[in-house]
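Single-structure report; data block below.
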Amino acid sequence: MSSVGIGQPPRNRRQRLIKAVWTGIWLVYLSAPVSDLVHGGHSTGVVVLGWIGLVVFVAWYGLLVFRTGRGEATPLVLGSLTVLAAQSGLLALTLGREWLVLFVYVSIASGAVLPLRMSRWAIPAVSALLAAIALAVPGGRAYLAGLLIPAFLGGFAMTGVRELIRTTIALREARATVAQLAANEERLRLARDLHDLLGHSLSLITLKSELAGRMLPGRPEEAAQQVADIEQVSRQALVDVREAVTGYRRPRLSGELAGAQVALTAAGVTADLPTEQDLGLVGGAAGAEGATGVPGAMGVPGAAGAAGATGAVVATGVPGVAEESESALAWALREAITNVVRHSGARRCVVELVRRQTLDGPVLELVVEDDGSGGSGDGPGNGLTGLTERLEKAGGTLEAGRVRGGFRLVARVPAEGPPGAGRHTVGSGA
């Protein structure tokens, strides 16, 4: 039915053809007036005028239903319906009861082209006019029962069909909007992931390149090790980008802490970070990931040693914390460390992981504080903006700003499971 376009103008040749056929099918009920003109015994002049009146009625009715948009209560539409009703009454009064069927078309046209608030009054009005004229026409009472119900129910049925079509169109538009929003959300996700992934990796490559340059030509072996590290970071960055594109990138706090240790050390910043044992993880996440090439510790050689890992078992995450929440905190840690290395000029950086009990339930709080300048600029950059969106998606919040003697970033996410009694700070040893 929606392809017919009832109550709306056709937009292409196919719709025009289908609507013309659909509208023409219902003209079969005009057989009574046609039969009256052919076999009714009217004079030639009356027959000619009757044919003219019938053709004009059908043409006007067809144009009204065929061309009018959905629910347009314009003066032209109202005037057209008034003319059709008057013409139907005139033909029925002058030519006989067979012409009362024209009121059914007027009622259906009212349901098809008028808005619901007006058609619910217009259809009963047309039905009442049909009844009044049927009582005035000789023999019309016999036709009244057979025409009044189709006129009344047909008009309201047409309003239902029109509303159904309009709802279907609205649902299709909503589905297209949802698809567009999903595509936009995926673009935002990819933009955030690429910014966070490449920003940190490129910063680390830059630092190690500067170190290698300072080591040459006096310490070629150490410079060669830095170049090897640069190669490993570059390879891991490529892997991370591929995973981000496919949506499988879910960083872990253990890996990001290990990578943060390496990045801060390479930048000459004293790092005060939680250890893997403080996180309560199983086995040695950073070491296992660094050994197998699985993303973690940001793919930096030596990260396992920095985290104090054993390399025996891959970590499954922070106990009692949802995977999405841990992933959001891991991204927050990566972005914070990247800002410390690139912009702050800090000499010391402290990272704390705090579990709190709030009125809304247990939360996990990541605090990153340094003694640097906090970078330049009057407002939050793309990294903090994307990080805020990422945390909000996980149900968390972000606070970032200058504090006395440095810069402080606090990221909070909801944690699953009951927290420990009171406030619990998870480690601060490097």
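Ordering of the structure tokens sets the chain letters (A, B, ...), residue numbers begin anew at 1 in every chain, and ligands are numbered from 1 in the order given.
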_Can you pull out the residues contacting Ala125 in chain A? Cut-off 12 Å, using only C-alpha atoms, and skip same-chain residues under 2 positions away; I want them as a list in words._
Leu81, Thr82, Ala85, Phe103, Val104, Val106, Ser107, Ser110, Gly111, Met118, Ser119, Arg120, Trp121, Ala122, Ile123, Ser127, Ala128, Leu129, Leu130, Ala131, Ala132, Leu148, Ala151, Phe152 and Gly155 of chain A
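Distances from A:Val137, A:Ala112, A:Ala263, A:Leu257 to His200 in chain A were compared using only C-alpha atoms, and the smallest one belongs to A:Ala263.
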_Residues within 12 Å of Leu384 in chain A, please, as a VMD selection string. Count only C-alpha atoms; anything in the same chain fewer than 5 positions from it doesn't count._
chain A and resid 192 195 to 196 331 to 339 379 389 to 391 397 to 401 409 to 411
_Residues within 10 Å of Val413 in chain A, please, as a PyMOL selection string. Count only C-alpha atoms; anything in the same chain fewer than 3 positions from it doesn't count._
chain A and resi 321-322+324-329+355+362-366+391-398+416
_Secondary structure check, alpha helix (DSSP H) residues of range 90-311 of chain A, as a VMD selection string_ = chain A and resid 90 to 95 102 to 113 116 to 136 140 to 215 220 to 246 253 to 266 276 to 279 285 to 292 303 to 307
*Hey, can you check how far CA of Gly372 in chain A sits from CA of Thr265 in chain A?*
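Spanning CA of Gly372 in chain A to CA of Thr265 in chain A is a straight-line distance of 15.4 Å.
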*Can you work out the spacing between CA of Ala260 in chain A and CA of Lys208 in chain A in Å, to one decimal?*
14.1 Å
*asked:* Just to confirm, what's the straight-line distance from CA of Pro115 in chain A to CA of Ser80 in chain A in Å (one decimal)?
replied: 14.9 Å
